[in-house]
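Next comes data24.pdb, a file with PDB, C-alpha atoms.
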ATOM      1  CA  MET A   1     -44.962 -20.422   1.915
ATOM      2  CA  LYS A   2     -48.039 -20.553  -0.304
ATOM      3  CA  SER A   3     -50.286 -23.591  -0.621
ATOM      4  CA  PHE A   4     -53.576 -24.468  -2.252
ATOM      5  CA  TYR A   5     -55.605 -27.644  -1.727
ATOM      6  CA  ALA A   6     -58.294 -29.169  -3.909
ATOM      7  CA  ASP A   7     -61.738 -29.680  -2.438
ATOM      8  CA  GLY A   8     -61.755 -32.586  -0.030
ATOM      9  CA  PHE A   9     -58.036 -32.556   0.758
ATOM     10  CA  ARG A  10     -57.580 -29.595   3.123
ATOM     11  CA  HIS A  11     -57.764 -31.974   6.090
ATOM     12  CA  LEU A  12     -54.453 -33.514   4.952
ATOM     13  CA  GLU A  13     -52.541 -30.233   5.162
ATOM     14  CA  THR A  14     -50.631 -30.979   8.379
ATOM     15  CA  LYS A  15     -49.647 -34.476   7.236
ATOM     16  CA  ILE A  16     -48.581 -33.238   3.788
ATOM     17  CA  LEU A  17     -46.387 -30.566   5.361
ATOM     18  CA  ASN A  18     -44.835 -33.231   7.615
ATOM     19  CA  VAL A  19     -44.065 -35.302   4.501
ATOM     20  CA  LEU A  20     -42.292 -32.325   2.933
ATOM     21  CA  LYS A  21     -40.115 -31.916   6.038
ATOM     22  CA  ASN A  22     -38.821 -35.458   5.415
ATOM     23  CA  PHE A  23     -39.013 -35.388   1.621
ATOM     24  CA  LYS A  24     -35.272 -35.922   1.010
ATOM     25  CA  THR A  25     -34.977 -39.017   3.181
ATOM     26  CA  GLY A  26     -38.455 -40.572   2.996
ATOM     27  CA  GLY A  27     -40.803 -41.984   0.409
ATOM     28  CA  ILE A  28     -40.293 -44.234  -2.612
ATOM     29  CA  LEU A  29     -38.322 -42.617  -5.425
ATOM     30  CA  ILE A  30     -39.800 -42.914  -8.929
ATOM     31  CA  GLY A  31     -37.313 -42.527 -11.785
ATOM     32  CA  PRO A  32     -33.732 -41.255 -11.561
ATOM     33  CA  GLY A  33     -34.500 -38.030  -9.688
ATOM     34  CA  SER A  34     -31.738 -36.246 -11.585
ATOM     35  CA  ARG A  35     -33.923 -33.302 -12.554
ATOM     36  CA  ASN A  36     -37.323 -33.214 -10.944
ATOM     37  CA  VAL A  37     -37.777 -35.581  -8.002
ATOM     38  CA  VAL A  38     -40.922 -37.734  -7.831
ATOM     39  CA  LYS A  39     -41.708 -39.794  -4.737
ATOM     40  CA  ILE A  40     -44.624 -41.810  -3.409
ATOM     41  CA  PHE A  41     -45.776 -41.368   0.187
ATOM     42  CA  ASP A  42     -48.529 -43.129   2.150
ATOM     43  CA  ILE A  43     -50.938 -40.911   4.079
ATOM     44  CA  ASP A  44     -53.878 -42.379   6.013
ATOM     45  CA  GLY A  45     -53.728 -45.613   4.038
ATOM     46  CA  GLU A  46     -53.701 -43.899   0.636
ATOM     47  CA  ARG A  47     -50.780 -43.350  -1.752
ATOM     48  CA  PHE A  48     -49.887 -39.912  -3.035
ATOM     49  CA  ASN A  49     -47.463 -38.734  -5.692
ATOM     50  CA  PHE A  50     -45.203 -35.823  -4.663
ATOM     51  CA  LYS A  51     -43.300 -34.025  -7.415
ATOM     52  CA  SER A  52     -40.526 -31.629  -6.412
ATOM     53  CA  PHE A  53     -39.442 -29.365  -9.252
ATOM     54  CA  LYS A  54     -35.802 -28.642 -10.002
ATOM     55  CA  GLN A  55     -34.290 -25.560  -8.374
ATOM     56  CA  HIS A  56     -33.950 -22.627 -10.765
ATOM     57  CA  ASN A  57     -31.253 -20.014 -11.175
ATOM     58  CA  VAL A  58     -31.770 -16.656  -9.474
ATOM     59  CA  ILE A  59     -33.385 -15.031 -12.526
ATOM     60  CA  ASN A  60     -35.953 -17.787 -13.018
ATOM     61  CA  ARG A  61     -36.661 -17.942  -9.304
ATOM     62  CA  HIS A  62     -37.547 -14.249  -9.466
ATOM     63  CA  VAL A  63     -39.658 -14.755 -12.612
ATOM     64  CA  TYR A  64     -41.659 -17.590 -11.031
ATOM     65  CA  LYS A  65     -42.370 -15.477  -7.960
ATOM     66  CA  TYR A  66     -43.491 -12.254  -9.629
ATOM     67  CA  TYR A  67     -44.259 -12.753 -13.327
ATOM     68  CA  ARG A  68     -45.071 -16.357 -14.141
ATOM     69  CA  LYS A  69     -46.889 -19.217 -12.437
ATOM     70  CA  SER A  70     -44.625 -21.864 -10.943
ATOM     71  CA  LYS A  71     -44.505 -25.325 -12.527
ATOM     72  CA  ALA A  72     -46.284 -26.735  -9.486
ATOM     73  CA  LYS A  73     -49.156 -24.253  -9.767
ATOM     74  CA  ARG A  74     -49.470 -24.800 -13.512
ATOM     75  CA  SER A  75     -49.528 -28.585 -13.005
ATOM     76  CA  PHE A  76     -52.348 -28.229 -10.479
ATOM     77  CA  GLU A  77     -54.406 -25.802 -12.552
ATOM     78  CA  TYR A  78     -53.947 -27.711 -15.810
ATOM     79  CA  ALA A  79     -54.996 -30.926 -14.065
ATOM     80  CA  GLN A  80     -58.199 -29.282 -12.887
ATOM     81  CA  LEU A  81     -58.810 -27.866 -16.367
ATOM     82  CA  LEU A  82     -58.324 -31.247 -18.056
ATOM     83  CA  LEU A  83     -60.728 -32.913 -15.632
ATOM     84  CA  SER A  84     -63.328 -30.196 -16.240
ATOM     85  CA  LYS A  85     -63.058 -30.867 -19.998
ATOM     86  CA  GLY A  86     -63.609 -34.607 -19.623
ATOM     87  CA  PHE A  87     -59.974 -35.701 -19.911
ATOM     88  CA  HIS A  88     -58.133 -37.853 -17.380
ATOM     89  CA  THR A  89     -55.211 -37.159 -15.072
ATOM     90  CA  PRO A  90     -54.405 -38.402 -11.562
ATOM     91  CA  GLU A  91     -56.596 -36.466  -9.136
ATOM     92  CA  PRO A  92     -54.864 -33.205  -8.127
ATOM     93  CA  VAL A  93     -54.485 -32.760  -4.377
ATOM     94  CA  ALA A  94     -52.398 -29.613  -3.769
ATOM     95  CA  TYR A  95     -49.505 -27.424  -4.806
ATOM     96  CA  ILE A  96     -47.042 -25.794  -2.433
ATOM     97  CA  GLU A  97     -44.507 -23.025  -3.087
ATOM     98  CA  ASN A  98     -41.717 -21.777  -0.828
ATOM     99  CA  PHE A  99     -40.091 -18.360  -1.242
ATOM    100  CA  ASP A 100     -37.242 -16.216  -0.051
ATOM    101  CA  PHE A 101     -36.389 -12.585  -0.845
ATOM    102  CA  TRP A 102     -35.183 -13.440  -4.379
ATOM    103  CA  GLY A 103     -37.985 -15.740  -5.475
ATOM    104  CA  VAL A 104     -39.231 -19.328  -5.454
ATOM    105  CA  THR A 105     -36.923 -21.689  -3.564
ATOM    106  CA  SER A 106     -38.937 -24.903  -4.015
ATOM    107  CA  SER A 107     -42.308 -26.038  -5.307
ATOM    108  CA  TYR A 108     -44.294 -29.260  -5.070
ATOM    109  CA  TYR A 109     -47.270 -30.740  -6.896
ATOM    110  CA  ILE A 110     -49.205 -33.489  -5.125
ATOM    111  CA  SER A 111     -51.690 -35.869  -6.743
ATOM    112  CA  ARG A 112     -53.160 -39.288  -6.115
ATOM    113  CA  GLN A 113     -50.894 -42.151  -7.150
ATOM    114  CA  LEU A 114     -52.129 -44.514  -9.874
ATOM    115  CA  GLU A 115     -50.923 -48.035  -9.149
ATOM    116  CA  ASP A 116     -50.062 -50.982 -11.411
ATOM    117  CA  SER A 117     -50.807 -49.290 -14.722
ATOM    118  CA  PRO A 118     -48.573 -49.391 -17.815
ATOM    119  CA  THR A 119     -47.531 -46.300 -19.741
ATOM    120  CA  LEU A 120     -47.786 -45.711 -23.468
ATOM    121  CA  MET A 121     -44.006 -46.260 -23.580
ATOM    122  CA  GLU A 122     -44.512 -49.895 -22.586
ATOM    123  CA  VAL A 123     -47.105 -50.313 -25.331
ATOM    124  CA  ILE A 124     -44.820 -48.813 -27.988
ATOM    125  CA  VAL A 125     -41.678 -50.812 -27.162
ATOM    126  CA  ASN A 126     -43.476 -54.144 -26.561
ATOM    127  CA  HIS A 127     -44.704 -55.350 -29.966
ATOM    128  CA  SER A 128     -46.629 -58.202 -28.322
ATOM    129  CA  PHE A 129     -48.545 -55.906 -25.923
ATOM    130  CA  PRO A 130     -52.235 -56.973 -25.911
ATOM    131  CA  GLU A 131     -54.349 -54.871 -28.316
ATOM    132  CA  ARG A 132     -51.302 -52.747 -29.110
ATOM    133  CA  GLU A 133     -52.599 -51.188 -32.323
ATOM    134  CA  LYS A 134     -56.014 -50.480 -30.770
ATOM    135  CA  ILE A 135     -54.369 -48.632 -27.871
ATOM    136  CA  ILE A 136     -52.143 -46.602 -30.202
ATOM    137  CA  ARG A 137     -55.189 -45.588 -32.245
ATOM    138  CA  GLU A 138     -57.049 -44.599 -29.074
ATOM    139  CA  TYR A 139     -54.058 -42.469 -28.112
ATOM    140  CA  ALA A 140     -54.282 -40.688 -31.504
ATOM    141  CA  GLN A 141     -57.987 -40.082 -30.827
ATOM    142  CA  LEU A 142     -57.135 -38.550 -27.460
ATOM    143  CA  ILE A 143     -54.615 -36.118 -28.960
ATOM    144  CA  PHE A 144     -57.140 -35.207 -31.660
ATOM    145  CA  ARG A 145     -59.718 -34.347 -28.987
ATOM    146  CA  LEU A 146     -57.169 -32.182 -27.186
ATOM    147  CA  HIS A 147     -56.309 -30.368 -30.411
ATOM    148  CA  GLU A 148     -59.978 -29.848 -31.237
ATOM    149  CA  GLN A 149     -60.349 -27.990 -27.942
ATOM    150  CA  GLY A 150     -57.281 -25.863 -28.655
ATOM    151  CA  MET A 151     -55.036 -27.639 -26.153
ATOM    152  CA  GLU A 152     -51.464 -28.577 -27.025
ATOM    153  CA  PHE A 153     -49.750 -30.960 -24.594
ATOM    154  CA  LEU A 154     -46.128 -29.944 -25.124
ATOM    155  CA  ASP A 155     -44.605 -32.887 -23.206
ATOM    156  CA  ASN A 156     -46.368 -35.335 -25.508
ATOM    157  CA  ALA A 157     -43.938 -38.162 -24.699
ATOM    158  CA  PRO A 158     -45.018 -41.809 -24.231
ATOM    159  CA  GLY A 159     -43.954 -41.946 -20.581
ATOM    160  CA  ASN A 160     -46.470 -39.202 -19.756
ATOM    161  CA  PHE A 161     -49.553 -41.312 -20.514
ATOM    162  CA  ILE A 162     -50.679 -43.865 -17.940
ATOM    163  CA  ILE A 163     -53.123 -46.407 -19.374
ATOM    164  CA  ARG A 164     -55.995 -48.007 -17.507
ATOM    165  CA  ASN A 165     -58.553 -50.356 -19.013
ATOM    166  CA  GLU A 166     -61.971 -49.042 -18.023
ATOM    167  CA  ASN A 167     -65.156 -50.577 -19.431
ATOM    168  CA  GLY A 168     -63.283 -52.222 -22.297
ATOM    169  CA  ARG A 169     -61.616 -49.008 -23.439
ATOM    170  CA  SER A 170     -58.185 -47.566 -22.746
ATOM    171  CA  GLN A 171     -58.314 -44.442 -20.590
ATOM    172  CA  PHE A 172     -55.200 -42.304 -20.815
ATOM    173  CA  TYR A 173     -54.203 -40.420 -17.676
ATOM    174  CA  MET A 174     -51.859 -37.559 -18.561
ATOM    175  CA  VAL A 175     -49.033 -36.617 -16.221
ATOM    176  CA  ASP A 176     -46.216 -34.047 -16.251
ATOM    177  CA  LEU A 177     -48.677 -31.311 -17.111
ATOM    178  CA  ASN A 178     -46.772 -28.093 -16.463
ATOM    179  CA  ARG A 179     -46.105 -27.444 -20.172
ATOM    180  CA  MET A 180     -49.290 -26.863 -22.141
ATOM    181  CA  SER A 181     -50.300 -24.260 -24.720
ATOM    182  CA  PHE A 182     -53.801 -23.018 -25.479
ATOM    183  CA  HIS A 183     -55.080 -21.753 -28.811
ATOM    184  CA  GLN A 184     -58.282 -20.633 -30.469
ATOM    185  CA  GLU A 185     -57.495 -23.073 -33.262
ATOM    186  CA  ILE A 186     -54.528 -25.298 -34.144
ATOM    187  CA  ASN A 187     -53.634 -25.784 -37.810
ATOM    188  CA  LEU A 188     -52.816 -29.250 -39.109
ATOM    189  CA  ASP A 189     -49.037 -28.837 -39.390
ATOM    190  CA  LYS A 190     -48.799 -27.587 -35.802
ATOM    191  CA  ARG A 191     -50.965 -30.481 -34.651
ATOM    192  CA  LEU A 192     -48.711 -33.015 -36.349
ATOM    193  CA  LYS A 193     -45.566 -31.347 -34.995
ATOM    194  CA  ASN A 194     -46.993 -32.002 -31.525
ATOM    195  CA  PHE A 195     -46.065 -35.700 -32.011
ATOM    196  CA  SER A 196     -42.324 -34.912 -32.307
ATOM    197  CA  ARG A 197     -41.449 -36.280 -28.839
ATOM    198  CA  LEU A 198     -43.322 -39.550 -29.210
ATOM    199  CA  THR A 199     -41.163 -42.180 -30.944
ATOM    200  CA  SER A 200     -38.996 -42.917 -33.974
ATOM    201  CA  ASP A 201     -40.757 -46.257 -34.542
ATOM    202  CA  SER A 202     -42.103 -45.899 -38.097
ATOM    203  CA  GLU A 203     -44.771 -48.565 -37.540
ATOM    204  CA  VAL A 204     -46.224 -46.593 -34.621
ATOM    205  CA  ILE A 205     -46.019 -43.331 -36.564
ATOM    206  CA  ARG A 206     -47.855 -45.000 -39.469
ATOM    207  CA  ILE A 207     -50.689 -46.163 -37.191
ATOM    208  CA  ILE A 208     -51.035 -42.734 -35.587
ATOM    209  CA  SER A 209     -50.911 -41.009 -38.982
ATOM    210  CA  ASP A 210     -53.617 -43.265 -40.365
ATOM    211  CA  GLU A 211     -55.937 -42.726 -37.392
ATOM    212  CA  TYR A 212     -55.322 -38.981 -37.096
ATOM    213  CA  ALA A 213     -55.808 -38.499 -40.854
ATOM    214  CA  LYS A 214     -59.246 -40.168 -40.649
ATOM    215  CA  LEU A 215     -60.249 -37.878 -37.778
ATOM    216  CA  VAL A 216     -59.022 -34.649 -39.335
ATOM    217  CA  GLY A 217     -59.980 -35.496 -42.928
ATOM    218  CA  SER A 218     -56.479 -35.522 -44.399
ATOM    219  CA  SER A 219     -54.088 -37.915 -46.140
ATOM    220  CA  GLY A 220     -52.372 -40.600 -44.092
ATOM    221  CA  ASP A 221     -49.187 -40.130 -46.121
ATOM    222  CA  TYR A 222     -49.226 -36.379 -45.518
ATOM    223  CA  CYS A 223     -49.614 -36.869 -41.757
ATOM    224  CA  PHE A 224     -46.883 -39.530 -41.725
ATOM    225  CA  ASN A 225     -44.428 -37.271 -43.583
ATOM    226  CA  ARG A 226     -45.102 -34.229 -41.379
ATOM    227  CA  ILE A 227     -44.793 -36.244 -38.144
ATOM    228  CA  THR A 228     -41.594 -37.893 -39.379
ATOM    229  CA  GLU A 229     -40.112 -34.493 -40.275
ATOM    230  CA  ALA A 230     -40.972 -33.186 -36.802
ATOM    231  CA  ILE A 231     -39.379 -36.207 -35.102
ATOM    232  CA  ASN A 232     -36.223 -35.918 -37.212
ATOM    233  CA  GLY A 233     -36.016 -32.232 -36.345
ATOM    234  CA  MET A 234     -36.284 -33.055 -32.641
ATOM    235  CA  VAL A 235     -33.526 -35.679 -32.971
ATOM    236  CA  ARG A 236     -31.232 -33.157 -34.695
ATOM    237  CA  LYS A 237     -31.960 -30.598 -31.977
ATOM    238  CA  ARG A 238     -31.041 -33.051 -29.221
ATOM    239  CA  LYS A 239     -27.813 -34.018 -30.998
ATOM    240  CA  MET A 240     -26.857 -30.356 -31.344
ATOM    241  CA  LYS A 241     -27.451 -29.797 -27.630
ATOM    242  CA  LYS A 242     -25.163 -32.724 -26.791
ATOM    243  CA  ILE A 243     -22.442 -31.363 -29.100
ATOM    244  CA  LEU A 244     -22.678 -27.897 -27.559
ATOM    245  CA  LYS A 245     -22.469 -29.368 -24.057
ATOM    246  CA  PHE A 246     -19.410 -31.397 -25.097
ATOM    247  CA  TYR A 247     -17.571 -28.337 -26.453
ATOM    248  CA  LYS A 248     -18.603 -26.297 -23.441
ATOM    249  CA  PHE A 249     -16.969 -28.965 -21.253
ATOM    250  CA  LEU A 250     -13.763 -28.758 -23.279
ATOM    251  CA  LEU A 251     -13.480 -24.988 -23.089
ATOM    252  CA  PRO A 252     -10.968 -23.808 -20.464
ATOM    253  CA  LYS A 253     -12.564 -22.339 -17.378
ATOM    254  CA  ARG A 254     -11.742 -18.717 -16.639
TER     255      ARG A 254
END

Please express the file's structure as structure tokens.
Amino acid sequence: MKSFYADGFRHLETKILNVLKNFKTGGILIGPGSRNVVKIFDIDGERFNFKSFKQHNVINRHVYKYYRKSKAKRSFEYAQLLLSKGFHTPEPVAYIENFDFWGVTSSYYISRQLEDSPTLMEVIVNHSFPEREKIIREYAQLIFRLHEQGMEFLDNAPGNFIIRNENGRSQFYMVDLNRMSFHQEINLDKRLKNFSRLTSDSEVIRIISDEYAKLVGSSGDYCFNRITEAINGMVRKRKMKKILKFYKFLLPKR
């Protein structure tokens, strides 16, 4: 086993390891748990978010042991990086990896739990959400700041942004951090493609395009068209995956 704790959390090591021993049966499950499993556990009167990453095949288990950082380690390190750059994410606590001869058998990322806060998804789907357009524009400003620092949040989906009102402004806390890319500079088309996972709501895309265009010094129509193309491409890709899975199911097993 390998573990690493953020400053100020090493004293919780024994209790965190005890939580992991009872991870399957304890805690409060968040989401369906069909892929990665996220649960909330109470430790010493505080709530913590435990994310267990899906088991990999033998090849990927070997890769994550010897050649590539595990998803848990990347989540922890990217969280620390974002905080150091002035962005927000739930406070990282620890990551833990378990191994056998072949590779990684399980990995966990632990952070503080943010309570009673909506996600950007709730803002997008609820057209009567208070200050909806203002929040969407502030989200576009956040992504612009990330891009300006060469950071591309690949899981840029609305459920991965927790919103808290702090001093009259929306603060976006990013979660599900294990997929990020880093660049010296990001060109405009690549920046706009980064919105492909967000939504197919044309009103929301129009607001984001307008705000992002002002920040980057481009045309709102150009940004809208590029984002729309990226979203349509993502939709086609998902449909193709479903078709391939369907035909794979129909093929006779050997």

Kindly resolve the PyMOL selection byres ((chain A and resi 162-168) around 12) on the present coordinates and return the residues as a VMD selection string. chain A and resid 88 to 90 113 to 123 130 to 132 134 to 136 138 to 139 142 157 to 161 169 to 176

Atom pair CA of Ile186 in chain A / CA of Cys223 in chain A: separation (Å): 14.7 Å

Exactly which residues make up the result of the PyMOL selection byres ((chain A and resi 100-110) around 6) on this file, given as a list in words? Asn49, Phe50, Lys51, Ser52, Phe53, Arg61, His62, Lys65, Ala72, Val93, Ala94, Tyr95, Ile96, Glu97, Asn98, Phe99 and Ser111 of chain A

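Minimum distance to Ile143 in chain A across A:Thr228, A:Ser209, A:Ser84, A:Ser218 (counting only C-alpha atoms) occurs at A:Ser209.
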
With distances taken over all atoms listed in the file, which residue among A:Glu148, A:Glu13, A:Glu133, A:Asp44 lies nearest Ile207 in chain A? A:Glu133

Apply the PyMOL selection byres ((chain A and resi 188) around 12) to the structure shown and report the selected residues as a PyMOL selection string. chain A and resi 144+147-148+150+185-187+189-195+209+212-213+215-219+222-223+226-227

C-alpha atoms of the current selection, written as a PDB file, in the coordinates of the input:
ATOM      1  CA  PHE A 144     -57.140 -35.207 -31.660  1.00  0.00           C
ATOM      2  CA  HIS A 147     -56.309 -30.368 -30.411  1.00  0.00           C
ATOM      3  CA  GLU A 148     -59.978 -29.848 -31.237  1.00  0.00           C
ATOM      4  CA  GLY A 150     -57.281 -25.863 -28.655  1.00  0.00           C
ATOM      5  CA  GLU A 185     -57.495 -23.073 -33.262  1.00  0.00           C
ATOM      6  CA  ILE A 186     -54.528 -25.298 -34.144  1.00  0.00           C
ATOM      7  CA  ASN A 187     -53.634 -25.784 -37.810  1.00  0.00           C
ATOM      8  CA  ASP A 189     -49.037 -28.837 -39.390  1.00  0.00           C
ATOM      9  CA  LYS A 190     -48.799 -27.587 -35.802  1.00  0.00           C
ATOM     10  CA  ARG A 191     -50.965 -30.481 -34.651  1.00  0.00           C
ATOM     11  CA  LEU A 192     -48.711 -33.015 -36.349  1.00  0.00           C
ATOM     12  CA  LYS A 193     -45.566 -31.347 -34.995  1.00  0.00           C
ATOM     13  CA  ASN A 194     -46.993 -32.002 -31.525  1.00  0.00           C
ATOM     14  CA  PHE A 195     -46.065 -35.700 -32.011  1.00  0.00           C
ATOM     15  CA  SER A 209     -50.911 -41.009 -38.982  1.00  0.00           C
ATOM     16  CA  TYR A 212     -55.322 -38.981 -37.096  1.00  0.00           C
ATOM     17  CA  ALA A 213     -55.808 -38.499 -40.854  1.00  0.00           C
ATOM     18  CA  LEU A 215     -60.249 -37.878 -37.778  1.00  0.00           C
ATOM     19  CA  VAL A 216     -59.022 -34.649 -39.335  1.00  0.00           C
ATOM     20  CA  GLY A 217     -59.980 -35.496 -42.928  1.00  0.00           C
ATOM     21  CA  SER A 218     -56.479 -35.522 -44.399  1.00  0.00           C
ATOM     22  CA  SER A 219     -54.088 -37.915 -46.140  1.00  0.00           C
ATOM     23  CA  TYR A 222     -49.226 -36.379 -45.518  1.00  0.00           C
ATOM     24  CA  CYS A 223     -49.614 -36.869 -41.757  1.00  0.00           C
ATOM     25  CA  ARG A 226     -45.102 -34.229 -41.379  1.00  0.00           C
ATOM     26  CA  ILE A 227     -44.793 -36.244 -38.144  1.00  0.00           C
TER      27      ILE A 227
END

Measuring atom to atom with all atoms listed in the file, identify which of A:Lys54, A:Phe153, A:Arg236, A:Asn36 is nearest to His183 in chain A.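 Closest candidate: A:Phe153.
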
Rounded to one decimal place, report the CA of Ala230 in chain A-CA of Gly86 in chain A distance in Å.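 CA of Gly86 in chain A lies 28.5 Å from CA of Ala230 in chain A.
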
What is the CA of Lys237 in chain A to CA of Lys73 in chain A distance in Å?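 Taking CA of Lys237 in chain A as the start and CA of Lys73 in chain A as the end point, the length is 28.8 Å.
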
Take range 198-206 of chain A, bring it up to all heavy atoms, and give me the output as a short mmCIF file (atom, residue, chain, number, x, y, z; two decimals), in the frame of the given file.
data_model
loop_
_atom_site.label_atom_id
_atom_site.label_comp_id
_atom_site.auth_asym_id
_atom_site.auth_seq_id
_atom_site.Cartn_x
_atom_site.Cartn_y
_atom_site.Cartn_z
N LEU A 198 -42.70 -38.26 -29.50
CA LEU A 198 -43.32 -39.55 -29.21
C LEU A 198 -42.39 -40.74 -29.42
O LEU A 198 -42.04 -41.45 -28.48
CB LEU A 198 -44.59 -39.72 -30.05
CG LEU A 198 -45.44 -40.92 -29.65
CD1 LEU A 198 -46.03 -40.72 -28.26
CD2 LEU A 198 -46.56 -41.15 -30.66
N THR A 199 -41.97 -41.00 -30.64
CA THR A 199 -41.16 -42.18 -30.94
C THR A 199 -40.60 -42.07 -32.36
O THR A 199 -41.12 -41.33 -33.19
CB THR A 199 -42.02 -43.47 -30.87
OG1 THR A 199 -41.21 -44.61 -31.18
CG2 THR A 199 -43.18 -43.42 -31.83
N SER A 200 -39.54 -42.83 -32.61
CA SER A 200 -39.00 -42.92 -33.97
C SER A 200 -39.41 -44.22 -34.64
O SER A 200 -38.96 -44.53 -35.75
CB SER A 200 -37.46 -42.82 -33.94
OG SER A 200 -36.92 -43.83 -33.11
N ASP A 201 -40.27 -44.99 -33.99
CA ASP A 201 -40.76 -46.26 -34.54
C ASP A 201 -41.72 -45.95 -35.69
O ASP A 201 -42.84 -45.47 -35.48
CB ASP A 201 -41.46 -47.05 -33.44
CG ASP A 201 -41.88 -48.44 -33.87
OD1 ASP A 201 -42.26 -48.61 -35.05
OD2 ASP A 201 -41.84 -49.36 -33.03
N SER A 202 -41.30 -46.26 -36.92
CA SER A 202 -42.10 -45.90 -38.10
C SER A 202 -43.44 -46.62 -38.13
O SER A 202 -44.43 -46.09 -38.65
CB SER A 202 -41.32 -46.18 -39.38
OG SER A 202 -40.99 -47.55 -39.47
N GLU A 203 -43.50 -47.83 -37.57
CA GLU A 203 -44.77 -48.56 -37.54
C GLU A 203 -45.79 -47.82 -36.68
O GLU A 203 -46.96 -47.66 -37.06
CB GLU A 203 -44.56 -49.97 -36.98
CG GLU A 203 -45.86 -50.78 -36.87
CD GLU A 203 -45.76 -51.96 -35.92
OE1 GLU A 203 -44.69 -52.16 -35.32
OE2 GLU A 203 -46.78 -52.66 -35.78
N VAL A 204 -45.34 -47.34 -35.52
CA VAL A 204 -46.22 -46.59 -34.62
C VAL A 204 -46.65 -45.28 -35.27
O VAL A 204 -47.82 -44.89 -35.21
CB VAL A 204 -45.52 -46.33 -33.26
CG1 VAL A 204 -46.37 -45.42 -32.38
CG2 VAL A 204 -45.23 -47.65 -32.56
N ILE A 205 -45.70 -44.60 -35.89
CA ILE A 205 -46.02 -43.33 -36.56
C ILE A 205 -47.04 -43.56 -37.67
O ILE A 205 -47.96 -42.76 -37.86
CB ILE A 205 -44.74 -42.69 -37.15
CG1 ILE A 205 -43.74 -42.41 -36.04
CG2 ILE A 205 -45.08 -41.38 -37.87
CD1 ILE A 205 -42.36 -42.05 -36.55
N ARG A 206 -46.92 -44.69 -38.39
CA ARG A 206 -47.86 -45.00 -39.47
C ARG A 206 -49.26 -45.22 -38.92
O ARG A 206 -50.26 -44.74 -39.49
CB ARG A 206 -47.38 -46.23 -40.23
CG ARG A 206 -48.22 -46.61 -41.42
CD ARG A 206 -48.18 -45.58 -42.53
NE ARG A 206 -46.90 -45.54 -43.21
CZ ARG A 206 -46.62 -44.70 -44.20
NH1 ARG A 206 -47.52 -43.80 -44.59
NH2 ARG A 206 -45.43 -44.72 -44.78
#
